[in-house]
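Participant: My structure is in final.csv, and what it holds is CSV, C-alpha atoms:
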chain,number,residue,atom,x,y,z
A,1,ARG,CA,31.3,-132.1,86.5
A,2,PRO,CA,31.5,-133.7,90.1
A,3,PRO,CA,29.9,-131.7,92.9
A,4,THR,CA,32.0,-129.5,95.1
A,5,THR,CA,32.3,-130.2,98.8
A,6,ASP,CA,33.1,-127.8,101.6
A,7,LYS,CA,35.7,-128.5,104.4
A,8,ASN,CA,33.1,-130.6,106.4
A,9,GLY,CA,32.5,-132.8,103.4
A,10,ILE,CA,29.0,-131.3,102.7
A,11,THR,CA,28.2,-131.1,99.0
A,12,MET,CA,27.5,-127.6,97.6
A,13,ALA,CA,25.9,-126.6,94.3
A,14,ASP,CA,27.7,-124.2,92.1
A,15,ASP,CA,25.4,-121.4,93.1
A,16,GLU,CA,26.1,-122.0,96.8
A,17,LYS,CA,29.9,-121.3,96.6
A,18,LYS,CA,31.5,-118.5,98.6
A,19,GLY,CA,32.0,-115.0,97.2
A,20,PRO,CA,35.0,-113.8,95.1
A,21,SER,CA,38.5,-114.0,96.4
A,22,LYS,CA,40.6,-110.9,97.3
A,23,LYS,CA,42.3,-111.1,93.9
A,24,GLU,CA,38.9,-111.2,92.2
A,25,LEU,CA,37.7,-108.3,94.2
A,26,LYS,CA,40.7,-106.2,93.2
A,27,LYS,CA,40.0,-107.0,89.5
A,28,LEU,CA,36.4,-105.9,90.0
A,29,ALA,CA,37.5,-102.7,91.7
A,30,LYS,CA,39.9,-101.9,88.8
A,31,LYS,CA,37.1,-102.6,86.3
A,32,ALA,CA,34.7,-100.3,88.1
A,33,GLU,CA,37.3,-97.5,88.1
A,34,LYS,CA,37.8,-97.8,84.4
A,35,GLU,CA,34.0,-97.8,83.8
A,36,ALA,CA,33.6,-94.8,86.0
A,37,ALA,CA,36.3,-93.0,84.1
A,38,LYS,CA,34.7,-93.8,80.8
A,39,ALA,CA,31.3,-92.6,82.1
A,40,ALA,CA,32.8,-89.3,83.3
A,41,THR,CA,34.5,-88.8,79.9
A,42,LYS,CA,31.2,-89.2,78.2
A,43,GLY,CA,29.6,-86.7,80.5
A,44,GLY,CA,27.4,-89.4,82.1
A,45,GLY,CA,28.4,-88.5,85.6
A,46,GLY,CA,29.5,-92.0,86.4
A,47,GLY,CA,27.3,-94.8,87.7
A,48,ALA,CA,27.2,-97.6,90.2
A,49,VAL,CA,28.4,-101.1,89.2
A,50,ALA,CA,26.3,-103.9,90.5
A,51,ASN,CA,28.5,-107.0,90.7
A,52,ASN,CA,26.8,-109.4,93.1
A,53,ASN,CA,28.2,-112.9,93.4
A,54,LYS,CA,26.2,-115.9,92.7
A,55,ASN,CA,24.8,-116.4,96.2
A,56,GLY,CA,23.5,-112.8,96.2
A,57,SER,CA,25.6,-111.5,99.1
A,58,GLY,CA,26.7,-108.4,97.1
A,59,ASN,CA,30.4,-108.7,98.0
A,60,GLY,CA,31.5,-107.5,94.6
A,61,ALA,CA,29.4,-104.4,94.7
A,62,LEU,CA,30.6,-103.6,98.2
A,63,ALA,CA,34.2,-104.0,97.2
A,64,VAL,CA,33.7,-101.7,94.2
A,65,ALA,CA,32.1,-99.0,96.4
A,66,ALA,CA,34.9,-99.3,99.0
A,67,ALA,CA,37.5,-99.0,96.3
A,68,ALA,CA,35.8,-96.0,94.8
A,69,ALA,CA,35.6,-94.3,98.2
A,70,ALA,CA,39.2,-95.1,99.0
A,71,ALA,CA,40.3,-93.7,95.6
A,72,LYS,CA,38.4,-90.5,96.2
A,73,ALA,CA,39.8,-90.1,99.8
A,74,ASN,CA,43.3,-90.3,98.4
A,75,GLN,CA,42.8,-87.4,96.0
A,76,VAL,CA,44.5,-84.2,97.3
A,77,TYR,CA,45.2,-80.6,96.2
A,78,ARG,CA,48.8,-79.3,96.2
A,79,LEU,CA,50.2,-75.9,95.6
A,80,ALA,CA,53.3,-76.0,93.5
A,81,ASN,CA,55.8,-73.3,92.5
A,82,VAL,CA,55.4,-71.4,95.8
A,83,PRO,CA,58.0,-68.6,95.9
A,84,ALA,CA,60.4,-68.1,98.8
A,85,ASP,CA,58.3,-65.0,99.8
A,86,GLY,CA,55.1,-67.1,99.8
A,87,THR,CA,53.9,-65.6,103.1
A,88,THR,CA,53.7,-62.1,101.5
A,89,ASN,CA,53.0,-63.2,97.9
A,90,ALA,CA,49.5,-62.2,96.7
A,91,CYS,CA,49.0,-65.3,94.5
A,92,THR,CA,50.0,-67.7,97.3
A,93,LEU,CA,47.9,-65.9,99.9
A,94,LYS,CA,44.9,-65.9,97.6
A,95,SER,CA,45.2,-69.7,97.3
A,96,CYS,CA,45.7,-70.2,101.0
A,97,MET,CA,42.7,-68.0,102.0
A,98,ALA,CA,40.5,-69.8,99.5
A,99,SER,CA,41.7,-73.1,101.1
A,100,VAL,CA,40.8,-71.8,104.6
A,101,ILE,CA,37.5,-70.2,103.7
A,102,TYR,CA,36.2,-73.1,101.5
A,103,GLY,CA,37.6,-75.9,103.6
A,104,THR,CA,39.7,-77.4,100.8
A,105,PRO,CA,43.1,-78.5,102.3
A,106,LEU,CA,46.3,-77.7,100.5
A,107,LEU,CA,49.5,-79.6,100.6
A,108,PRO,CA,53.0,-78.6,99.4
A,109,GLY,CA,53.5,-79.3,95.7
A,110,GLY,CA,57.2,-78.7,95.1
A,111,ALA,CA,58.0,-77.5,91.6
A,112,ALA,CA,55.8,-78.1,88.6
A,113,ASP,CA,58.5,-78.4,86.0
A,114,ASP,CA,56.0,-79.4,83.3
A,115,LEU,CA,54.6,-75.9,83.3
A,116,PRO,CA,57.4,-73.7,81.9
A,117,PHE,CA,54.9,-71.0,80.9
A,118,VAL,CA,53.6,-70.6,84.5
A,119,HIS,CA,55.7,-68.2,86.6
A,120,GLY,CA,53.8,-68.4,89.9
A,121,PRO,CA,51.9,-70.9,92.0
A,122,ALA,CA,50.0,-73.7,90.3
A,123,LEU,CA,47.3,-75.9,91.7
A,124,LEU,CA,47.8,-79.6,91.3
A,125,TYR,CA,45.2,-82.4,91.9
A,126,GLY,CA,45.6,-86.1,92.1
A,127,ASP,CA,46.5,-89.1,94.2
A,128,VAL,CA,48.3,-88.4,97.5
A,129,SER,CA,51.2,-90.8,96.8
A,130,SER,CA,52.0,-89.8,93.2
A,131,ALA,CA,52.8,-86.8,91.0
A,132,CYS,CA,49.7,-84.7,90.2
A,133,PRO,CA,48.8,-82.8,87.1
A,134,ALA,CA,48.0,-79.1,87.2
A,135,VAL,CA,44.4,-78.0,87.2
A,136,ALA,CA,44.7,-74.3,87.7
A,137,PHE,CA,47.2,-71.5,87.9
A,138,GLY,CA,47.2,-67.8,88.7
A,139,GLY,CA,45.7,-66.5,92.0
A,140,ASN,CA,42.2,-65.9,90.7
A,141,GLY,CA,42.0,-69.2,88.8
A,142,ILE,CA,43.1,-71.1,91.9
A,143,VAL,CA,40.6,-69.3,94.1
A,144,LYS,CA,37.8,-70.3,91.7
A,145,ALA,CA,39.0,-73.9,91.5
A,146,LEU,CA,39.2,-74.3,95.3
A,147,ALA,CA,35.7,-72.7,95.7
A,148,LEU,CA,34.2,-75.1,93.1
A,149,ALA,CA,35.9,-78.1,94.9
A,150,ASN,CA,33.9,-77.3,98.1
A,151,ASN,CA,31.6,-80.3,98.5
A,152,ALA,CA,29.2,-78.6,100.9
A,153,GLY,CA,28.1,-76.2,98.1
A,154,GLU,CA,29.1,-72.9,99.8
A,155,GLY,CA,32.0,-72.5,97.5
A,156,LYS,CA,30.2,-73.5,94.3
A,157,ASN,CA,27.4,-71.0,95.1
A,158,ASN,CA,30.1,-68.3,95.6
A,159,VAL,CA,31.3,-68.5,92.0
A,160,THR,CA,28.7,-66.5,90.0
A,161,PRO,CA,28.9,-64.4,86.8
A,162,MET,CA,29.1,-61.3,89.1
A,163,VAL,CA,32.0,-62.8,90.9
A,164,ASP,CA,33.7,-63.5,87.5
A,165,ASP,CA,33.1,-59.8,86.6
A,166,TRP,CA,34.8,-58.5,89.7
A,167,MET,CA,37.7,-60.9,89.4
A,168,GLU,CA,38.2,-59.6,85.8
A,169,TYR,CA,38.1,-56.1,87.2
A,170,GLU,CA,40.8,-56.9,89.7
A,171,ARG,CA,43.0,-58.6,87.0
A,172,SER,CA,42.5,-56.1,84.1
A,173,GLU,CA,41.8,-52.8,85.8
A,174,LEU,CA,42.8,-52.6,89.5
A,175,ARG,CA,46.1,-54.6,89.4
A,176,PRO,CA,47.5,-52.7,86.3
A,177,ALA,CA,46.4,-49.4,87.7
A,178,LEU,CA,48.1,-49.9,91.0
A,179,SER,CA,51.3,-51.2,89.4
A,180,SER,CA,51.5,-48.3,86.9
A,181,GLY,CA,51.3,-45.6,89.5
A,182,ASN,CA,49.3,-43.5,87.1
A,183,ALA,CA,47.0,-41.3,89.2
A,184,LYS,CA,44.2,-41.2,86.7
A,185,LYS,CA,44.0,-44.9,86.2
A,186,ILE,CA,44.1,-45.5,90.0
A,187,GLU,CA,41.4,-42.9,90.6
A,188,ALA,CA,39.2,-44.6,87.9
A,189,ALA,CA,39.7,-48.0,89.5
A,190,MET,CA,39.1,-46.7,93.0
A,191,SER,CA,35.9,-44.9,92.0
A,192,LYS,CA,34.3,-48.0,90.6
A,193,LEU,CA,35.2,-50.0,93.7
A,194,ALA,CA,34.1,-47.3,96.2
A,195,GLU,CA,30.8,-47.0,94.4
A,196,ALA,CA,30.1,-50.7,94.6
A,197,LEU,CA,31.0,-50.7,98.3
A,198,GLU,CA,28.7,-47.8,99.1
A,199,GLU,CA,25.9,-49.5,97.3
A,200,HIS,CA,26.3,-52.9,99.1
A,201,GLY,CA,27.0,-51.9,102.7
A,202,GLY,CA,30.8,-51.4,102.6
A,203,THR,CA,32.0,-55.0,103.4
A,204,SER,CA,31.5,-56.6,99.9
A,205,VAL,CA,31.3,-55.6,96.3
A,206,LEU,CA,28.4,-58.0,95.9
A,207,ALA,CA,24.8,-57.5,96.7
A,208,GLY,CA,23.6,-59.6,99.7
A,209,SER,CA,27.0,-61.2,100.2
A,210,GLU,CA,28.9,-61.8,103.4
A,211,PRO,CA,32.4,-60.3,103.6
A,212,LEU,CA,35.2,-62.3,102.0
A,213,SER,CA,33.5,-63.6,99.0
A,214,ALA,CA,35.8,-64.9,96.3
A,215,ALA,CA,35.7,-61.5,94.6
A,216,ASP,CA,36.4,-59.6,97.9
A,217,LEU,CA,39.3,-62.0,98.6
A,218,VAL,CA,41.2,-61.4,95.4
A,219,ILE,CA,40.6,-57.6,95.4
A,220,THR,CA,41.6,-57.0,99.0
A,221,LEU,CA,44.7,-59.2,98.8
A,222,THR,CA,45.9,-57.2,95.8
A,223,PHE,CA,45.8,-54.1,97.9
A,224,LEU,CA,47.6,-55.8,100.7
A,225,HIS,CA,50.3,-57.6,98.8
A,226,GLN,CA,50.5,-56.7,95.1
A,227,GLY,CA,49.4,-53.1,94.7
A,228,ASN,CA,51.3,-49.9,95.3
A,229,THR,CA,51.3,-49.6,99.1
A,230,SER,CA,52.0,-45.8,98.9
A,231,VAL,CA,48.6,-45.1,97.3
A,232,ALA,CA,46.2,-43.3,99.7
A,233,LEU,CA,42.9,-45.3,99.8
A,234,PRO,CA,39.5,-43.7,100.2
A,235,SER,CA,38.1,-44.4,103.7
A,236,SER,CA,35.5,-46.8,102.4
A,237,VAL,CA,38.1,-48.8,100.5
A,238,GLN,CA,40.6,-48.8,103.4
A,239,SER,CA,37.9,-50.1,105.8
A,240,TYR,CA,37.1,-52.8,103.2
A,241,VAL,CA,40.7,-53.9,103.0
A,242,ASP,CA,41.0,-53.9,106.8
A,243,THR,CA,38.1,-56.4,107.0
A,244,THR,CA,40.3,-58.9,105.3
A,245,LYS,CA,43.5,-57.9,107.1
A,246,ASN,CA,41.8,-58.3,110.5
A,247,SER,CA,40.0,-61.5,109.7
A,248,PRO,CA,40.9,-64.9,111.3
A,249,ALA,CA,41.0,-66.4,107.8
A,250,TYR,CA,43.8,-64.1,106.8
A,251,ALA,CA,45.9,-65.1,109.8
A,252,GLN,CA,45.3,-68.7,109.1
A,253,ALA,CA,46.2,-68.2,105.4
A,254,LYS,CA,49.6,-66.8,106.4
A,255,LYS,CA,50.3,-69.8,108.6
A,256,LEU,CA,49.3,-72.2,105.8
A,257,ALA,CA,51.5,-70.3,103.4
A,258,ALA,CA,54.5,-70.9,105.7
A,259,THR,CA,54.0,-74.6,105.5
A,260,LEU,CA,54.0,-74.6,101.7
A,261,LEU,CA,57.3,-72.8,101.2
A,262,PRO,CA,60.0,-74.7,99.3
A,263,PRO,CA,63.0,-76.1,101.2
A,264,ALA,CA,65.7,-73.5,101.9
A,265,PRO,CA,68.2,-73.4,99.0
A,266,PHE,CA,71.9,-74.0,99.5
A,267,ASP,CA,73.6,-70.9,100.7
A,268,PRO,CA,77.4,-70.9,100.2
A,269,SER,CA,77.8,-68.1,102.7
A,270,ASP,CA,76.2,-70.1,105.5
A,271,PRO,CA,79.0,-71.7,107.6
A,272,SER,CA,76.7,-74.5,108.9
A,273,LEU,CA,77.6,-77.8,107.2
A,274,LEU,CA,74.5,-79.3,108.6
A,275,ARG,CA,72.2,-76.8,106.9
A,276,ALA,CA,74.2,-77.0,103.7
A,277,SER,CA,73.9,-80.8,103.7
A,278,SER,CA,70.1,-80.5,104.4
A,279,ALA,CA,69.7,-78.1,101.5
A,280,ILE,CA,71.6,-80.4,99.1
A,281,PHE,CA,69.6,-83.5,100.1
A,282,ALA,CA,66.3,-81.6,99.8
A,283,ASP,CA,67.2,-80.3,96.4
A,284,ALA,CA,68.2,-83.7,95.1
A,285,ILE,CA,65.2,-85.6,96.6
A,286,SER,CA,62.7,-82.9,95.4
A,287,SER,CA,64.2,-83.1,91.9
A,288,ALA,CA,64.0,-86.9,91.8
A,289,PHE,CA,60.6,-87.2,93.6
A,290,PRO,CA,58.6,-84.0,93.2
A,291,SER,CA,55.7,-85.4,95.3
A,292,ALA,CA,58.0,-86.1,98.3
A,293,VAL,CA,57.4,-82.6,99.7
A,294,SER,CA,53.7,-83.2,99.9
A,295,LEU,CA,53.9,-86.5,101.7
A,296,GLY,CA,54.8,-85.1,105.1
A,297,ILE,CA,58.4,-86.3,105.0
A,298,GLU,CA,61.0,-84.0,106.6
A,299,ILE,CA,64.1,-83.9,104.4
A,300,LYS,CA,66.8,-83.1,106.9
A,301,ALA,CA,70.5,-84.2,107.3
A,302,PHE,CA,72.0,-85.5,110.5
A,303,LYS,CA,75.5,-86.2,111.7
A,304,CYS,CA,76.4,-89.8,111.4
A,305,LYS,CA,76.7,-91.6,114.7
A,306,ASP,CA,79.2,-94.0,113.3
A,307,ILE,CA,82.2,-92.4,111.5
A,308,ARG,CA,82.4,-95.5,109.2
A,309,HIS,CA,79.1,-94.4,107.6
A,310,GLY,CA,80.4,-90.9,106.7
A,311,ASP,CA,79.9,-87.5,108.1
A,312,TYR,CA,76.2,-86.7,107.3
A,313,GLN,CA,73.2,-88.7,106.3
A,314,CYS,CA,69.6,-88.3,105.4
A,315,ASN,CA,67.2,-91.0,106.5
A,316,VAL,CA,64.3,-90.5,104.1
A,317,ALA,CA,64.9,-93.4,101.7
A,318,MET,CA,62.7,-96.0,103.5
A,319,PRO,CA,59.9,-93.6,104.6
A,320,LEU,CA,59.7,-92.3,101.1
A,321,PHE,CA,59.7,-95.8,99.6
A,322,LYS,CA,56.8,-96.8,101.9
A,323,LYS,CA,54.8,-93.7,100.8
A,324,LEU,CA,55.4,-94.1,97.1
A,325,LYS,CA,55.2,-97.9,96.7
Go ahead and render the structure in this file as structure tokens.
Facilitator:
Amino acid sequence: RPPTTDKNGITMADDEKKGPSKKELKKLAKKAEKEAAKAATKGGGGGAVANNNKNGSGNGALAVAAAAAAAKANQVYRLANVPADGTTNACTLKSCMASVIYGTPLLPGGAADDLPFVHGPALLYGDVSSACPAVAFGGNGIVKALALANNAGEGKNNVTPMVDDWMEYERSELRPALSSGNAKKIEAAMSKLAEALEEHGGTSVLAGSEPLSAADLVITLTFLHQGNTSVALPSSVQSYVDTTKNSPAYAQAKKLAATLLPPAPFDPSDPSLLRASSAIFADAISSAFPSAVSLGIEIKAFKCKDIRHGDYQCNVAMPLFKKLK
């Protein structure tokens, strides 16, 4: 084969040619993603792919690393099926407080229509520009998932067998007792809780734990938003609940919950045609593109400036296309 020359007419050996093209780098990145996925499936924890070009510059490996970092950066958590009363809903607020405490951001997730058996919020995880699968549902399950997603380790260290025990207590003993209104069941549940608080300093049910552990979070929010509010609490339990109620994390969680609420539904009794048009557009776009809500696009109708274009319009088609392409 004849020797290759560069643009200056200087002959180059095969091993002196430049690194891979952009197209080749994309292929290498895709190959690395597939290999990483296979490694994760086998439990190998993934591995680095060395793909240096012939002159040893390492462009291939750098491209693979950059692609992997970019793919990871695009992964987000979304909260789907948030009810209209999300700012006072216990499951939604558990999810939002866990997001605040463990530093795991939450985006709106719209409706998870593929989970007909789930009647409350569901946690989705996946690429920011596409539909995401569900990874957890139920307030306690979502709290654990967001804690375990904490990269710094604080969240992971917060999910222990003892935390699991107290979450199970909240789900199977405290919550049913408060909902039933049965005095004996409530007294039994309160007694167990008060005893643990007295033993561990009054601010947590866990030994040596700071206030607002994952267990404390789910228990206190049940009192605040899911239990029978007419029940008189022992002073130690009331103080324990107030620790959460007066915390900055609780205030931030309520603000976060407000950003995750679904678009306002069409209200035939509302005389505003603009609000009615916005509601209809939002419903149609959310049904066609469930991930649209989490992309930061405001779905809102406007009066047409030119009567030839109609009465109302919604200018989300192009922004949505740019986000989803």
Participant: Restricting the calculation to only C-alpha atoms: of A:Pro83, A:Gly103, A:Pro271, A:Pro319, which residue gets closest to Ala122 in chain A?
Facilitator: A:Pro83
Participant: Tell me, as a list in words, which residues lie within 7 Å of Thr87 in chain A, counting all atoms listed in the file; anything in the same chain fewer than 2 positions away does not count.
Facilitator: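 Contacts, with the query itself left out: Asp85, Asn89, Leu93, Lys254, Ala257 and Ala258 of chain A.
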Participant: Could you write out the selected residues, including C-alpha atoms, as a short mmCIF file (atom, residue, chain, number, x, y, z; two decimals), keeping the file's coordinate frame?
Facilitator:
data_model
loop_
_atom_site.label_atom_id
_atom_site.label_comp_id
_atom_site.auth_asym_id
_atom_site.auth_seq_id
_atom_site.Cartn_x
_atom_site.Cartn_y
_atom_site.Cartn_z
CA ASP A 85 58.30 -65.00 99.80
CA ASN A 89 53.00 -63.20 97.90
CA LEU A 93 47.90 -65.90 99.90
CA LYS A 254 49.60 -66.80 106.40
CA ALA A 257 51.50 -70.30 103.40
CA ALA A 258 54.50 -70.90 105.70
#
Participant: Could you work out how far CA of Val76 in chain A lies from CA of Asp127 in chain A, giving the answer in Å with one decimal?
Facilitator: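 Taking CA of Asp127 in chain A as the start and CA of Val76 in chain A as the end point, the length is 6.1 Å.
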Participant: Give me the residues within 7 Å of Tyr312 in chain A as a count of residues only, counting only C-alpha atoms and dropping any in the same chain fewer than 3 places off.
Facilitator: 4
Participant: Find the spatial neighbours of His200 in chain A, counting all atoms listed in the file, within a cut-off of 12 Å - ignore same-chain residues fewer than 4 positions away - and output them as an mmCIF file with C-alpha atoms, in the coordinates of the input.
Facilitator:
data_model
loop_
_atom_site.group_PDB
_atom_site.id
_atom_site.type_symbol
_atom_site.label_atom_id
_atom_site.label_comp_id
_atom_site.auth_asym_id
_atom_site.auth_seq_id
_atom_site.Cartn_x
_atom_site.Cartn_y
_atom_site.Cartn_z
ATOM 1 C CA LEU A 193 35.200 -50.000 93.700
ATOM 2 C CA ALA A 194 34.100 -47.300 96.200
ATOM 3 C CA GLU A 195 30.800 -47.000 94.400
ATOM 4 C CA ALA A 196 30.100 -50.700 94.600
ATOM 5 C CA SER A 204 31.500 -56.600 99.900
ATOM 6 C CA VAL A 205 31.300 -55.600 96.300
ATOM 7 C CA LEU A 206 28.400 -58.000 95.900
ATOM 8 C CA ALA A 207 24.800 -57.500 96.700
ATOM 9 C CA GLY A 208 23.600 -59.600 99.700
ATOM 10 C CA SER A 209 27.000 -61.200 100.200
ATOM 11 C CA GLU A 210 28.900 -61.800 103.400
ATOM 12 C CA PRO A 211 32.400 -60.300 103.600
ATOM 13 C CA SER A 236 35.500 -46.800 102.400
ATOM 14 C CA TYR A 240 37.100 -52.800 103.200
#
Participant: In terms of the shortest atom-to-atom distance over all atoms listed in the file, which of A:Arg171, A:Lys322, A:Arg275, A:Lys184 is closest to Ile299 in chain A?
Facilitator: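 That would be A:Arg275, the residue with the smallest distance to Ile299 in chain A.
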Participant: Give me, please, the distance in Å between CA of Leu324 in chain A and CA of Phe289 in chain A, quoted to one decimal.
Facilitator: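 These two atoms are separated by 9.3 Å.
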Participant: Please, what distance in Å, to one decimal, runs between CA of Met190 in chain A and CA of Asp216 in chain A?
Facilitator: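 CA of Met190 in chain A sits 14.1 Å away from CA of Asp216 in chain A.
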Participant: With a distance cut-off of 6 Å and all atoms listed in the file, select the neighbouring residues of Leu79 in chain A, excluding the residue or stretch itself and same-chain residues fewer than 3 positions from it, and output the selection as a VMD selection string.
Facilitator: chain A and resid 108 to 109 122 to 123
Participant: Could you give me, as a ChimeraX atom specification, the residues within 10 Å of Ile101 in chain A, counting all atoms listed in the file and dropping anything in the same chain fewer than 5 positions from it?
Facilitator: /A:96,146-147,150,154-155,212-214,217,248-250,252-253
